[in-house]
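Enquirer: Sending over a structure as structure tokens; questions will come in a sec.
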Amino acid sequence: MLTTALLVTVMVNGESVQRFVEPRLSLADFLRRDLGLTGTHLGCEMGACGACLVSLNGSAVHSCLMLAVQADGLSVDTIEGLAESGFISDLQTAFHERNAMQCGFCTSGMLIAARECLAHGGVPSREEIRDALSGNYCRCTGYQSIVDAIETVAIARAEKEVGGPV
Amino acid sequence: MKCRGFRYCRVLTVEEAVESFVSCEGEARFLAGGQSLLPALNLRLSAPDLLIDISRVEGLRGITLEGSDLRIGALTRHVEVLHSPLVAEYAPLLARAARFVAHPAIRNLGTFGGSLALADPASEFPACVLALNAQIEIAGLSGRRRVAADDYFLGLYETALEPGEILTAVYIPAGRTWQRVCFDELSRRRGDYALAGLAAQATFRDGGEVLTALRLVFCALGSKPMRAQAAEAALLNTKVDAVAIEAAQHALSQDLSPDEAEDLSSAARLHLARVLLGRVAHALREGAC
């Protein structure tokens with residue numbers, strides 16, 4: 001069933017984007033297909049694997065469990081935007097150094113979950129980090145190195161905080 | 001999979017939402033957080049003709065103290081319930097249960113009212129709302145009404161909501177008469193659907209030793225949240241010692257008779273419920289929830 005396309009305006013990675021979209025188009029497909037932002041990955045399309053996480057008005061959400069029309073007037077940051085902004089460069093470096101990715105399919109979702117986990121400051125326990133990643137599947141690493149990488153960043157950020165601005 | 005096509009409208013008032021629903025010629029569904037509806041659409045378990053987006057309706061969001069009740073607006077997100085100071089003070093059971101609700105990203109969008117409107121028998125909040133003796137506010141064509149949680153959950157995904165009605169808020173008695181609360185759950189992995197969950201509120205006297213009031217509600221062990229009154233009776237007026245806990249675990253077969261599930265026998269599910277009851281009763285006694 002084809003239905004009338006609707007005009008939506010979404011702030012994507014800091015840039016206002018206007019497009020006509022079919023109501024059934026998911027935010028994930030909108031980002032990937034209409035905007036070419038393929039860093040957001042689609043795995044299960046049912047909110048189980050976490051590969052499609054994006055940041056919506058600052059909170060991690062599944063872009064497969066949201067319609068593009070629902071994002072009208074809201075602000076979405078994808079892995080492309082977050083990477084370019086430099087806000088997660090320490091996480092990216094730590095993932096690289098600790099080999100916290102192999103095939104890389106889960107990595108963009110992992111980074112967005114990790115960013116949210118560390119957003120409130122402090123050093124979460126390994127248990128809390130695992131809890132924060134409970135909705136993200138990785139079929140390669142066994143998670144250990146991912147938890148290591150996030151923990152390393154948490155500690156480094158906390159030390160920087162204590163040291164104060166340079 | 002991708003969902004089937006549908007029409008979409010966004011409404012800004014409850015009246016508009018109800019009007020859109022009743023004037024729809026095909027099947028209409030309300031869309032709030034969408035964290036259960038969207039998977040159902042993507043799996044094509046549901047294929048409505050019209051989605052009515054109520055997520056921006058005014059006045060349905062937020063947690064406030066109203067007289068002697070804590071009011072939780074239907075569109076309040078799970079994450080807001082988890083971190084609310086008012087919930088922590090007046091309905092701590094919900095804050096404890098919220099940690100068990102799915103994963104962080106789902107909690108960022110999923111709504112409290114949506115969970116109660118769907119009434120998935122494995123969900124945590126329906127069991128809590130029943131344990132809390134809450135009132136559910138429902139709006140429809142003929143105005144608003146309130147239904148006690150005891151009369152709200154009717155069966156598998158079946159509630160007192162009539163077609164076209166919207167759950168607008170939940171009112172929880174905030175008298176702080178319950179001294180101890182506990183929520184615990186057994187699941188295969190963190191955030192998975194519960195194999196067994198238990199919401200409990202208790203009051204003790206004699207220096208906190210003798211249990212004088214108790215509500216126990218299980219989730220994932222029946223077609224709806226299940227109050228366990230035989231187990232409650234076995235624990236009442238005891239010091240919740242090993243003998244009383246064993247009696248309550250034994251009595252649980254009068255409260256629950258779970259069907260055989262895909263991969264768990266009826267006996268195994270009852271066993272899990274008994275294990276959980278033991279843990280929760282112990283935690284209530286020790287005040288260590």
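Identifiers for the structure tokens are assigned positionally: chains receive A, B, ... in sequence, residues are indexed from 1 per chain, and ligands are indexed from 1 in the order shown.
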Output the contact residues of chain B with respect to chain A at a cut-off of 12 Å, based on only C-alpha atoms, as a ChimeraX atom specification.

Expert: /B:1-11,31-45,47-56,77,79,99-110,188-193

Enquirer: So which residues of region 14-59 of chain A fall under helix (DSSP H, G or I) by DSSP, listed as a list in words?

Expert: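 Everything in region 14-59 of chain A that counts as helix (DSSP H, G or I) is Leu27, Ala28, Asp29, Phe30, Leu31, Arg32, Arg33 and Asp34 of chain A.
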
Enquirer: Using only C-alpha atoms, which residues sit within 7 Å of Ala158 (chain A) once same-chain residues fewer than 4 positions away are excluded, as an MDAnalysis selection string?

Expert: chainID A and resid 122:123 154 162

Enquirer: Ranking A:Gly109, A:Glu97, A:Ser16, A:Gly104 by minimum distance to Thr40 (chain A) and counting only C-alpha atoms, which one comes first?

Expert: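 Among A:Gly109, A:Glu97, A:Ser16, A:Gly104, it is A:Gly109 that comes nearest to Thr40 (chain A).
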
Enquirer: Using only C-alpha atoms, determine which residues lie at most 8 Å from Leu214 (chain B), disregarding the query and same-chain residues fewer than 3 positions distant; provide the list as a PyMOL selection string.

Expert: chain B and resi 200-203+211+232+236

Enquirer: Dump N, CA, C and O atoms for the selected residues as a short mmCIF file (atom, residue, chain, number, x, y, z; two decimals), in the first residue's frame?

Expert:
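Saved as selection-v2.cif:
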```cif
data_model
loop_
_atom_site.label_atom_id
_atom_site.label_comp_id
_atom_site.auth_asym_id
_atom_site.auth_seq_id
_atom_site.Cartn_x
_atom_site.Cartn_y
_atom_site.Cartn_z
N ALA B 200 7.04 -6.39 44.91
CA ALA B 200 6.56 -6.61 46.27
C ALA B 200 6.61 -5.34 47.10
O ALA B 200 7.55 -4.56 46.99
N GLN B 201 5.58 -5.13 47.92
CA GLN B 201 5.56 -4.04 48.89
C GLN B 201 5.17 -4.63 50.23
O GLN B 201 4.24 -5.44 50.31
N ALA B 202 5.84 -4.22 51.29
CA ALA B 202 5.58 -4.82 52.58
C ALA B 202 5.67 -3.80 53.70
O ALA B 202 6.37 -2.80 53.59
N THR B 203 4.92 -4.06 54.77
CA THR B 203 5.01 -3.25 55.98
C THR B 203 5.25 -4.20 57.17
O THR B 203 4.65 -5.27 57.24
N LEU B 211 5.77 -9.10 59.68
CA LEU B 211 5.15 -8.60 58.45
C LEU B 211 3.66 -8.40 58.66
O LEU B 211 2.96 -9.34 59.04
N GLU B 232 1.01 -14.50 49.88
CA GLU B 232 0.94 -13.36 50.80
C GLU B 232 0.44 -13.82 52.16
O GLU B 232 1.03 -13.49 53.20
N LEU B 236 2.12 -13.35 55.93
CA LEU B 236 1.56 -12.33 56.82
C LEU B 236 1.64 -12.77 58.27
O LEU B 236 1.43 -13.95 58.59
#
```

Enquirer: Determine which residues of region 33-100 of chain A DSSP labels as strand (DSSP E or B) from the backbone of this structure, then write them out as a PyMOL selection string.

Expert: chain A and resi 53-56+59-62+67+75-77

Enquirer: Expressed in Å to a single decimal, how great is the separation between CA of Ala174 (chain B) and CA of Ala91 (chain B)?

Expert: 7.0 Å

Enquirer: Give me, as JSON, numbers by chain, all polymer residues having an atom no more than 7 Å from Ala244 (chain B), counting only C-alpha atoms and skipping those fewer than 6 positions away in the same chain.

Expert: {"B": [234, 235, 238]}

Enquirer: Just to confirm, what's the straight-line distance from CA of Phe218 (chain B) to CA of Glu162 (chain B) in Å (one decimal)?

Expert: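 For CA of Phe218 (chain B) relative to CA of Glu162 (chain B), the distance reads 24.9 Å.
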
Enquirer: With distances taken over only C-alpha atoms, which of A:Ser89, A:Gln144, A:Thr152, A:Asn57 is nearest to Val12 (chain A)?

Expert: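 For Val12 (chain A), the nearest of the candidates is A:Asn57.
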
Enquirer: Do you know which residues are at most 10 Å from region 8-10 of chain A counting only C-alpha atoms, after dropping those on the same chain fewer than 2 positions away, and could you put them as JSON, numbers by chain?

Expert: {"A": [5, 6, 12, 13, 14, 15, 16, 17, 18, 19, 20, 21, 68, 69, 70, 71, 72, 73, 74, 75, 76]}

Enquirer: Okay, now the selection with N, CA, C and O atoms, as an mmCIF file, in the first residue's frame?

Expert:
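Just written: result.cif:
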```cif
data_model
loop_
_atom_site.group_PDB
_atom_site.id
_atom_site.type_symbol
_atom_site.label_atom_id
_atom_site.label_comp_id
_atom_site.auth_asym_id
_atom_site.auth_seq_id
_atom_site.Cartn_x
_atom_site.Cartn_y
_atom_site.Cartn_z
ATOM 1 N N ALA A 5 3.236 10.801 0.656
ATOM 2 C CA ALA A 5 4.478 11.202 1.317
ATOM 3 C C ALA A 5 4.252 12.485 2.108
ATOM 4 O O ALA A 5 3.448 13.338 1.719
ATOM 5 N N LEU A 6 4.946 12.600 3.209
ATOM 6 C CA LEU A 6 4.806 13.767 4.078
ATOM 7 C C LEU A 6 6.130 14.509 4.131
ATOM 8 O O LEU A 6 7.192 13.891 4.065
ATOM 9 N N VAL A 12 19.891 17.019 11.036
ATOM 10 C CA VAL A 12 20.768 15.845 11.005
ATOM 11 C C VAL A 12 22.223 16.309 11.068
ATOM 12 O O VAL A 12 22.680 17.046 10.188
ATOM 13 N N ASN A 13 22.905 15.881 12.097
ATOM 14 C CA ASN A 13 24.304 16.270 12.310
ATOM 15 C C ASN A 13 24.492 17.785 12.192
ATOM 16 O O ASN A 13 25.425 18.269 11.558
ATOM 17 N N GLY A 14 23.541 18.497 12.774
ATOM 18 C CA GLY A 14 23.666 19.944 12.838
ATOM 19 C C GLY A 14 23.184 20.670 11.602
ATOM 20 O O GLY A 14 23.239 21.899 11.545
ATOM 21 N N GLU A 15 22.682 19.942 10.625
ATOM 22 C CA GLU A 15 22.245 20.573 9.391
ATOM 23 C C GLU A 15 20.758 20.291 9.179
ATOM 24 O O GLU A 15 20.331 19.138 9.301
ATOM 25 N N SER A 16 19.985 21.312 8.851
ATOM 26 C CA SER A 16 18.554 21.110 8.659
ATOM 27 C C SER A 16 18.295 20.448 7.304
ATOM 28 O O SER A 16 18.775 20.906 6.274
ATOM 29 N N VAL A 17 17.535 19.348 7.337
ATOM 30 C CA VAL A 17 17.269 18.579 6.123
ATOM 31 C C VAL A 17 15.766 18.495 5.923
ATOM 32 O O VAL A 17 15.034 18.178 6.864
ATOM 33 N N GLN A 18 15.309 18.773 4.697
ATOM 34 C CA GLN A 18 13.878 18.645 4.393
ATOM 35 C C GLN A 18 13.688 17.616 3.303
ATOM 36 O O GLN A 18 14.353 17.669 2.261
ATOM 37 N N ARG A 19 12.785 16.677 3.525
ATOM 38 C CA ARG A 19 12.511 15.654 2.521
ATOM 39 C C ARG A 19 11.043 15.228 2.605
ATOM 40 O O ARG A 19 10.434 15.296 3.668
ATOM 41 N N PHE A 20 10.515 14.743 1.488
ATOM 42 C CA PHE A 20 9.230 14.061 1.516
ATOM 43 C C PHE A 20 9.497 12.592 1.809
ATOM 44 O O PHE A 20 10.357 11.976 1.158
ATOM 45 N N VAL A 21 8.790 12.048 2.782
ATOM 46 C CA VAL A 21 8.987 10.636 3.117
ATOM 47 C C VAL A 21 7.652 9.907 3.222
ATOM 48 O O VAL A 21 6.640 10.486 3.605
ATOM 49 N N ALA A 68 10.688 7.972 10.207
ATOM 50 C CA ALA A 68 11.270 9.263 9.830
ATOM 51 C C ALA A 68 10.304 10.398 10.154
ATOM 52 O O ALA A 68 10.717 11.465 10.610
ATOM 53 N N VAL A 69 9.005 10.167 9.954
ATOM 54 C CA VAL A 69 8.023 11.235 10.238
ATOM 55 C C VAL A 69 7.993 11.605 11.718
ATOM 56 O O VAL A 69 7.685 12.741 12.078
ATOM 57 N N GLN A 70 8.338 10.645 12.575
ATOM 58 C CA GLN A 70 8.348 10.948 14.007
ATOM 59 C C GLN A 70 9.499 11.871 14.383
ATOM 60 O O GLN A 70 9.473 12.503 15.435
ATOM 61 N N ALA A 71 10.543 11.885 13.541
ATOM 62 C CA ALA A 71 11.712 12.713 13.845
ATOM 63 C C ALA A 71 11.524 14.154 13.374
ATOM 64 O O ALA A 71 12.410 14.992 13.549
ATOM 65 N N ASP A 72 10.375 14.446 12.781
ATOM 66 C CA ASP A 72 10.099 15.793 12.282
ATOM 67 C C ASP A 72 10.299 16.826 13.400
ATOM 68 O O ASP A 72 9.714 16.707 14.469
ATOM 69 N N GLY A 73 11.141 17.806 13.135
ATOM 70 C CA GLY A 73 11.372 18.866 14.124
ATOM 71 C C GLY A 73 12.389 18.500 15.193
ATOM 72 O O GLY A 73 12.665 19.301 16.074
ATOM 73 N N LEU A 74 12.928 17.280 15.135
ATOM 74 C CA LEU A 74 13.882 16.855 16.160
ATOM 75 C C LEU A 74 15.304 16.863 15.597
ATOM 76 O O LEU A 74 15.524 17.080 14.404
ATOM 77 N N SER A 75 16.235 16.591 16.482
ATOM 78 C CA SER A 75 17.634 16.662 16.114
ATOM 79 C C SER A 75 18.269 15.277 16.229
ATOM 80 O O SER A 75 18.186 14.630 17.271
ATOM 81 N N VAL A 76 18.877 14.822 15.137
ATOM 82 C CA VAL A 76 19.470 13.486 15.093
ATOM 83 C C VAL A 76 20.966 13.614 14.823
ATOM 84 O O VAL A 76 21.381 14.328 13.914
#
```

Enquirer: For Ser123 (chain B), find every residue with an atom within 9 Å (counting only C-alpha atoms), except residues of its own chain fewer than 4 positions away, and show them as an NGL selection string.

Expert: :B and (101 or 115-116 or 119 or 127 or 193-194 or 197 or 219-220 or 225)

Enquirer: Would you mind exporting N, CA and C atoms of the selected residues as a short mmCIF file (atom, residue, chain, number, x, y, z; two decimals), in the first residue's frame?

Expert:
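And here's selection31.cif as it stands now:
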```cif
data_model
loop_
_atom_site.label_atom_id
_atom_site.label_comp_id
_atom_site.auth_asym_id
_atom_site.auth_seq_id
_atom_site.Cartn_x
_atom_site.Cartn_y
_atom_site.Cartn_z
N VAL B 101 13.64 -2.94 32.78
CA VAL B 101 12.86 -2.77 31.55
C VAL B 101 13.80 -2.66 30.36
N SER B 115 3.42 0.95 27.99
CA SER B 115 3.64 -0.36 28.58
C SER B 115 2.36 -0.90 29.22
N LEU B 116 1.61 0.00 29.88
CA LEU B 116 0.37 -0.43 30.55
C LEU B 116 -0.75 -0.65 29.55
N ALA B 119 0.05 -4.00 27.92
CA ALA B 119 -0.17 -5.06 28.92
C ALA B 119 0.45 -6.38 28.51
N ALA B 127 2.93 -5.19 36.49
CA ALA B 127 2.97 -5.87 37.80
C ALA B 127 3.14 -4.85 38.92
N TYR B 193 13.37 -10.44 27.90
CA TYR B 193 12.07 -10.64 28.52
C TYR B 193 12.25 -11.50 29.78
N ALA B 194 11.48 -11.16 30.81
CA ALA B 194 11.58 -11.89 32.07
C ALA B 194 11.08 -13.32 31.92
N GLY B 197 9.22 -12.46 37.14
CA GLY B 197 9.50 -11.18 37.79
C GLY B 197 8.56 -11.04 38.97
N CYS B 219 5.15 -11.09 37.31
CA CYS B 219 4.98 -10.94 35.87
C CYS B 219 5.62 -12.12 35.16
N ALA B 220 5.22 -12.35 33.93
CA ALA B 220 5.73 -13.43 33.06
C ALA B 220 5.32 -14.82 33.53
N PRO B 225 -0.54 -9.68 34.80
CA PRO B 225 0.15 -9.63 36.09
C PRO B 225 -0.64 -10.44 37.11
#
```
